[in-house]
Amino acid sequence: MIRWEIFHFLMKAGIILLTSWQAHAKPHWVQTLCESNKSVLILDNFYRQTPDYGSQMTKPLFDIDGDAIADVEHGDIVKLIANSNFNDIKTYGLNRTNNHNITTDDIASALIKIIELIDTNKMQKPSALLMSIGMFISFDKLNKELRLNDAINPENLMSSKRKALQRILELNERVNKTPFISKTAQLIQLTRKINELGIEFVVAGGNHIPSHKFNFYSLLKIKTVGALTFHGKEVAPYSHFHEDASVYVVGDIVVRRLENGIDLNNDGEIDVTTNELSWEEPIVNKYRGREVNGSVKSEEEWSFISEGVFYFSILNEVAGYRYNEMQGDATQDFAITYGEWVVFPGGFHLKKDSQENYRYDPSGDGNPNQVSTLRGTSYATPNLCQ
């Protein structure tokens with residue numbers, strides 16, 4: 001097994017621990033961003049409120065209060081986390097043109113519009129553009145498109161950035177260029193324009209992406225964010241890693257139910273009120289405190305929320321399954337595969353207590369109001385200043 005495969009396996013297993021300095025020291029660009037009085041612009045999907053620019057989604061896709069009923073959109077969660085990190089936040093809303101996926105065309109169209117709004121003084125130039133969306137492609141696809149003498153792989157990815165980008169722009173000048181070359185060249189050019197405007201471009205690193213793929217944005221002059229677990233001492237097992245993360249910050253957000261709403265910034269304040277939520281019985285309450293043996297049904301039983309998104313309603317033993325790309329099979333963990341994608345069970349990570357009963361305590365403080373955990377580099381990205 002080569003060095004990279006060993007390191008990648010340890011990262012995915014959550015074995016690599018960060019030192020105190022690595023976990024808490026922030027790069028200068030993060031400190032500057034967090035101290036700035038200028039706004040940050042979040043590019044994402046929004047449902048709860050009309051975004052400052054762009055489009056608003058007509059129905060939610062994400063549960064946020066732990067009952068497996070969709071309440072909000074992805075960008076709504078990102079903004080709620082950003083509220084406790086930045087002084088001023090603006091939003092640009094995307095629409096999904098391809099079922100539930102955000103395409104590269106969607107991103108490119110939004111970036112073109114953002115640049116136009118800034119150039120015409122219809123948008124105040126933000127200090128940063130935050131995008132909790134990645135573009136993941138395989139090394140095989142990249143090498144097939146670029147046709148370089150030396151193939152690009154996980155070990156030489158970062159040292160090959162300049163060569164790869166130059167090759168894409170060179171191929172883009174040809175008449176018979178492929179759609180891949182055309183789209184990636186456009187992203188390169190748009191990103192450069194964002195950089196020229198003096199805007200820090202920050203994107204999520206990605207979750208549970210197989211080692212044969214990488215986040216294309218890591219090749220550009222963009223900061224990528226990896227995730228730490230709740231206490232900030234360990235790289236989260238879902239956090240994508242190809243030696244390209246610019247910074248690691250906490251990506252596990254524990255949701256607590258208060259009397260009149262939910263608190264997801266761990267400050268005792270209500271972030272979303274009950275009248276904006278479905279507010280049914282939390283899924284974890286069906287299991288918390290119950291005896292493990294004999295209380296769990298088949299892992300085939302699911303709760304279907306919105307279109308195309310599955311959340312666990314019944315857990316097998318203590319957890320579900322996560323695809324183990326090293327062994328090529330399913331291993332007991334905290335997520336399941338859906339095709340080649342990994343789908344999280346809504347943060348319902350139950351464990352056994354000393355009495356062999358189910359315990360739900362993701363923060364480790366014993367708070368009985370914990371009902372779910374939002375996990376992802378998507379949620380680490382707006383959490384830069386914590």
# chains A, B, ... in the order shown; residues from 1 in each chain; ligands from 1
$ select_by_dssp --residues "stretch 61-90 of chain A" --states "strand (DSSP E or B)" --output "PyMOL selection string"
chain A and resi 62+72+89-90
$ residues_around --residues "A:Ala110" --least-positions-apart "6" --cutoff "9 Å" --atoms "only C-alpha atoms" --output "ChimeraX atom specification"
/A:43,54,92-94
$ atom_distance --atom1 "atom CA of A:Gln49" --atom2 "atom CA of A:Gly75"
10.3 Å
$ atom_distance --atom1 "atom CA of A:Asp105" --atom2 "atom CA of A:Gln186"
9.5 Å
$ residues_around --residues "stretch 120-126 of chain A" --least-positions-apart "3" --cutoff "12 Å" --atoms "only C-alpha atoms" --output "PyMOL selection string"
chain A and resi 33+36-43+52-54+86-92+113-117+129-130+194-201
$ write_last_selection --atoms "C-alpha atoms" --output "PDB file, in the first residue's frame"
ATOM      1  CA  LEU A  33     -11.747  38.101   6.979  1.00  0.00           C
ATOM      2  CA  SER A  36     -13.442  42.858   8.423  1.00  0.00           C
ATOM      3  CA  ASN A  37     -16.485  45.147   8.614  1.00  0.00           C
ATOM      4  CA  LYS A  38     -17.290  44.439   4.974  1.00  0.00           C
ATOM      5  CA  SER A  39     -19.979  41.927   4.087  1.00  0.00           C
ATOM      6  CA  VAL A  40     -19.445  38.341   3.032  1.00  0.00           C
ATOM      7  CA  LEU A  41     -21.552  36.948   0.196  1.00  0.00           C
ATOM      8  CA  ILE A  42     -22.973  33.416   0.457  1.00  0.00           C
ATOM      9  CA  LEU A  43     -23.723  31.651  -2.827  1.00  0.00           C
ATOM     10  CA  ASP A  52     -30.509  39.608  -1.479  1.00  0.00           C
ATOM     11  CA  TYR A  53     -29.727  38.580  -5.047  1.00  0.00           C
ATOM     12  CA  GLY A  54     -30.592  35.675  -7.317  1.00  0.00           C
ATOM     13  CA  PHE A  86     -19.488  37.558  10.416  1.00  0.00           C
ATOM     14  CA  ASN A  87     -20.636  41.134  10.945  1.00  0.00           C
ATOM     15  CA  ASP A  88     -22.578  41.498   7.712  1.00  0.00           C
ATOM     16  CA  ILE A  89     -23.921  38.791   5.407  1.00  0.00           C
ATOM     17  CA  LYS A  90     -25.441  39.026   1.940  1.00  0.00           C
ATOM     18  CA  THR A  91     -26.934  36.119   0.015  1.00  0.00           C
ATOM     19  CA  TYR A  92     -27.106  35.102  -3.641  1.00  0.00           C
ATOM     20  CA  LYS A 113     -23.963  37.909 -12.553  1.00  0.00           C
ATOM     21  CA  ILE A 114     -22.110  38.681  -9.313  1.00  0.00           C
ATOM     22  CA  ILE A 115     -19.184  40.202 -11.220  1.00  0.00           C
ATOM     23  CA  GLU A 116     -21.632  42.234 -13.313  1.00  0.00           C
ATOM     24  CA  LEU A 117     -23.469  43.511 -10.219  1.00  0.00           C
ATOM     25  CA  LEU A 129     -17.511  34.854  -1.441  1.00  0.00           C
ATOM     26  CA  LEU A 130     -18.484  31.728   0.526  1.00  0.00           C
ATOM     27  CA  ILE A 194     -13.101  37.330  -8.545  1.00  0.00           C
ATOM     28  CA  ASN A 195      -9.468  37.333  -7.382  1.00  0.00           C
ATOM     29  CA  GLU A 196      -8.732  40.515  -9.353  1.00  0.00           C
ATOM     30  CA  LEU A 197     -11.616  42.217  -7.575  1.00  0.00           C
ATOM     31  CA  GLY A 198      -9.856  41.506  -4.284  1.00  0.00           C
ATOM     32  CA  ILE A 199     -12.529  39.082  -3.057  1.00  0.00           C
ATOM     33  CA  GLU A 200     -11.480  36.039  -1.007  1.00  0.00           C
ATOM     34  CA  PHE A 201     -13.127  33.007  -2.640  1.00  0.00           C
TER      35      PHE A 201
END
$ closest_residue --among "A:Asp353, A:Asp140, A:Glu234, A:Asp76" --to "A:Ser211" --atoms "only C-alpha atoms"
A:Asp140
$ residues_around --residues "A:Val249" --least-positions-apart "6" --cutoff "12 Å" --atoms "only C-alpha atoms" --output "VMD selection string"
chain A and resid 18 22 to 27 30 204 to 205 224 to 236 239 375 to 386
$ write_last_selection --atoms "N, CA and C atoms" --output "mmCIF file, in the first residue's frame"
data_model
loop_
_atom_site.group_PDB
_atom_site.id
_atom_site.type_symbol
_atom_site.label_atom_id
_atom_site.label_comp_id
_atom_site.auth_asym_id
_atom_site.auth_seq_id
_atom_site.Cartn_x
_atom_site.Cartn_y
_atom_site.Cartn_z
ATOM 1 N N LEU A 18 -5.226 16.257 15.161
ATOM 2 C CA LEU A 18 -4.503 17.505 14.974
ATOM 3 C C LEU A 18 -3.886 17.924 16.291
ATOM 4 N N GLN A 22 -2.397 23.111 15.300
ATOM 5 C CA GLN A 22 -3.039 22.890 14.010
ATOM 6 C C GLN A 22 -4.537 23.117 14.093
ATOM 7 N N ALA A 23 -5.129 22.694 15.193
ATOM 8 C CA ALA A 23 -6.575 22.745 15.311
ATOM 9 C C ALA A 23 -7.080 24.163 15.491
ATOM 10 N N HIS A 24 -6.303 25.038 16.149
ATOM 11 C CA HIS A 24 -6.849 26.316 16.543
ATOM 12 C C HIS A 24 -6.204 27.521 15.874
ATOM 13 N N ALA A 25 -4.973 27.386 15.395
ATOM 14 C CA ALA A 25 -4.322 28.514 14.749
ATOM 15 C C ALA A 25 -4.992 28.780 13.406
ATOM 16 N N LYS A 26 -5.338 30.035 13.148
ATOM 17 C CA LYS A 26 -6.000 30.400 11.898
ATOM 18 C C LYS A 26 -5.023 31.139 10.991
ATOM 19 N N PRO A 27 -5.040 30.845 9.697
ATOM 20 C CA PRO A 27 -4.187 31.582 8.762
ATOM 21 C C PRO A 27 -4.520 33.069 8.781
ATOM 22 N N VAL A 30 -7.795 34.220 7.201
ATOM 23 C CA VAL A 30 -9.000 33.983 7.994
ATOM 24 C C VAL A 30 -9.157 35.090 9.035
ATOM 25 N N ALA A 204 -16.210 24.870 0.275
ATOM 26 C CA ALA A 204 -16.143 23.670 1.101
ATOM 27 C C ALA A 204 -15.286 22.610 0.420
ATOM 28 N N GLY A 205 -14.503 21.892 1.225
ATOM 29 C CA GLY A 205 -13.614 20.880 0.672
ATOM 30 C C GLY A 205 -14.343 19.663 0.144
ATOM 31 N N THR A 224 -9.944 26.359 0.262
ATOM 32 C CA THR A 224 -10.838 25.238 0.542
ATOM 33 C C THR A 224 -10.830 24.934 2.035
ATOM 34 N N VAL A 225 -12.004 24.568 2.556
ATOM 35 C CA VAL A 225 -12.171 24.381 3.995
ATOM 36 C C VAL A 225 -12.444 22.918 4.321
ATOM 37 N N GLY A 226 -11.622 22.362 5.206
ATOM 38 C CA GLY A 226 -11.841 21.025 5.732
ATOM 39 C C GLY A 226 -12.549 21.118 7.071
ATOM 40 N N ALA A 227 -13.070 19.990 7.548
ATOM 41 C CA ALA A 227 -13.874 20.003 8.775
ATOM 42 C C ALA A 227 -13.213 19.260 9.921
ATOM 43 N N LEU A 228 -13.417 19.805 11.125
ATOM 44 C CA LEU A 228 -13.037 19.147 12.364
ATOM 45 C C LEU A 228 -14.302 18.648 13.050
ATOM 46 N N THR A 229 -14.142 17.685 13.940
ATOM 47 C CA THR A 229 -15.267 17.211 14.734
ATOM 48 C C THR A 229 -15.673 18.274 15.755
ATOM 49 N N PHE A 230 -16.727 18.006 16.517
ATOM 50 C CA PHE A 230 -17.379 19.005 17.357
ATOM 51 C C PHE A 230 -16.426 19.768 18.265
ATOM 52 N N HIS A 231 -15.481 19.082 18.896
ATOM 53 C CA HIS A 231 -14.583 19.739 19.853
ATOM 54 C C HIS A 231 -13.336 20.325 19.191
ATOM 55 N N GLY A 232 -13.210 20.192 17.875
ATOM 56 C CA GLY A 232 -12.137 20.849 17.143
ATOM 57 C C GLY A 232 -10.756 20.252 17.308
ATOM 58 N N LYS A 233 -10.666 18.985 17.733
ATOM 59 C CA LYS A 233 -9.354 18.374 17.979
ATOM 60 C C LYS A 233 -8.998 17.288 16.972
ATOM 61 N N GLU A 234 -9.933 16.952 16.105
ATOM 62 C CA GLU A 234 -9.728 15.819 15.199
ATOM 63 C C GLU A 234 -10.343 16.131 13.847
ATOM 64 N N VAL A 235 -9.653 15.747 12.777
ATOM 65 C CA VAL A 235 -10.233 15.886 11.445
ATOM 66 C C VAL A 235 -11.459 14.983 11.360
ATOM 67 N N ALA A 236 -12.570 15.534 10.912
ATOM 68 C CA ALA A 236 -13.804 14.757 10.816
ATOM 69 C C ALA A 236 -13.633 13.632 9.793
ATOM 70 N N SER A 239 -14.490 14.428 6.190
ATOM 71 C CA SER A 239 -13.854 15.571 5.532
ATOM 72 C C SER A 239 -12.927 15.117 4.415
ATOM 73 N N ARG A 375 -23.550 17.831 9.883
ATOM 74 C CA ARG A 375 -22.134 17.506 9.690
ATOM 75 C C ARG A 375 -21.729 17.750 8.247
ATOM 76 N N GLY A 376 -20.629 18.444 8.055
ATOM 77 C CA GLY A 376 -20.137 18.622 6.701
ATOM 78 C C GLY A 376 -19.165 19.776 6.569
ATOM 79 N N THR A 377 -18.326 19.703 5.540
ATOM 80 C CA THR A 377 -17.458 20.840 5.240
ATOM 81 C C THR A 377 -18.293 22.043 4.807
ATOM 82 N N SER A 378 -19.530 21.773 4.355
ATOM 83 C CA SER A 378 -20.452 22.865 4.030
ATOM 84 C C SER A 378 -20.697 23.754 5.234
ATOM 85 N N TYR A 379 -20.737 23.121 6.419
ATOM 86 C CA TYR A 379 -21.036 23.864 7.637
ATOM 87 C C TYR A 379 -19.766 24.366 8.315
ATOM 88 N N ALA A 380 -18.620 23.820 7.916
ATOM 89 C CA ALA A 380 -17.345 24.361 8.386
ATOM 90 C C ALA A 380 -17.032 25.680 7.676
ATOM 91 N N THR A 381 -17.413 25.776 6.423
ATOM 92 C CA THR A 381 -17.068 26.950 5.609
ATOM 93 C C THR A 381 -17.590 28.257 6.206
ATOM 94 N N PRO A 382 -18.854 28.341 6.652
ATOM 95 C CA PRO A 382 -19.313 29.593 7.272
ATOM 96 C C PRO A 382 -18.916 29.724 8.730
ATOM 97 N N ASN A 383 -18.206 28.717 9.277
ATOM 98 C CA ASN A 383 -17.853 28.683 10.688
ATOM 99 C C ASN A 383 -16.402 29.092 10.923
ATOM 100 N N LEU A 384 -15.839 29.807 9.985
ATOM 101 C CA LEU A 384 -14.412 30.143 9.992
ATOM 102 C C LEU A 384 -13.957 30.908 11.222
ATOM 103 N N CYS A 385 -14.826 31.721 11.778
ATOM 104 C CA CYS A 385 -14.396 32.647 12.830
ATOM 105 C C CYS A 385 -14.586 32.102 14.233
ATOM 106 N N GLN A 386 -15.038 30.876 14.382
ATOM 107 C CA GLN A 386 -15.249 30.306 15.710
ATOM 108 C C GLN A 386 -13.955 29.700 16.238
#
$ closest_residue --among "A:Arg359, A:Arg162, A:Cys34, A:Leu148" --to "A:Ser84" --atoms "only C-alpha atoms"
A:Cys34
$ select_by_dssp --residues "stretch 125-268 of chain A" --states "helix (DSSP H, G or I)" --output "JSON, numbers by chain"
{"A": [139, 140, 141, 142, 143, 144, 145, 146, 158, 159, 160, 161, 162, 163, 164, 165, 166, 167, 168, 169, 170, 171, 172, 179, 180, 181, 182, 183, 184, 185, 186, 187, 188, 189, 190, 191, 192, 193, 194, 195, 196, 216, 217, 218, 219]}
$ atom_distance --atom1 "atom CA of A:Pro179" --atom2 "atom CA of A:Thr103"
13.0 Å
$ closest_residue --among "A:Leu157, A:Ala185, A:Ile64, A:Val247" --to "A:Val371" --atoms "only C-alpha atoms"
A:Ile64
$ closest_atom_pairs --of "stretch 64-120 of chain A" --to "stretch 266-285 of chain A" --cutoff "8 Å" --atoms "only C-alpha atoms" --output "CSV"
residue,atom,partner,partner_atom,distance
A:Asp65,CA,A:Trp279,CA,6.6
A:Gly66,CA,A:Pro282,CA,4.9
A:Asp67,CA,A:Pro282,CA,4.3
A:Ala68,CA,A:Ile283,CA,7.1
A:Ile69,CA,A:Ser278,CA,6.5
A:Ala70,CA,A:Ser278,CA,7.7
A:Asp71,CA,A:Leu277,CA,5.6
A:Leu80,CA,A:Asp271,CA,7.0
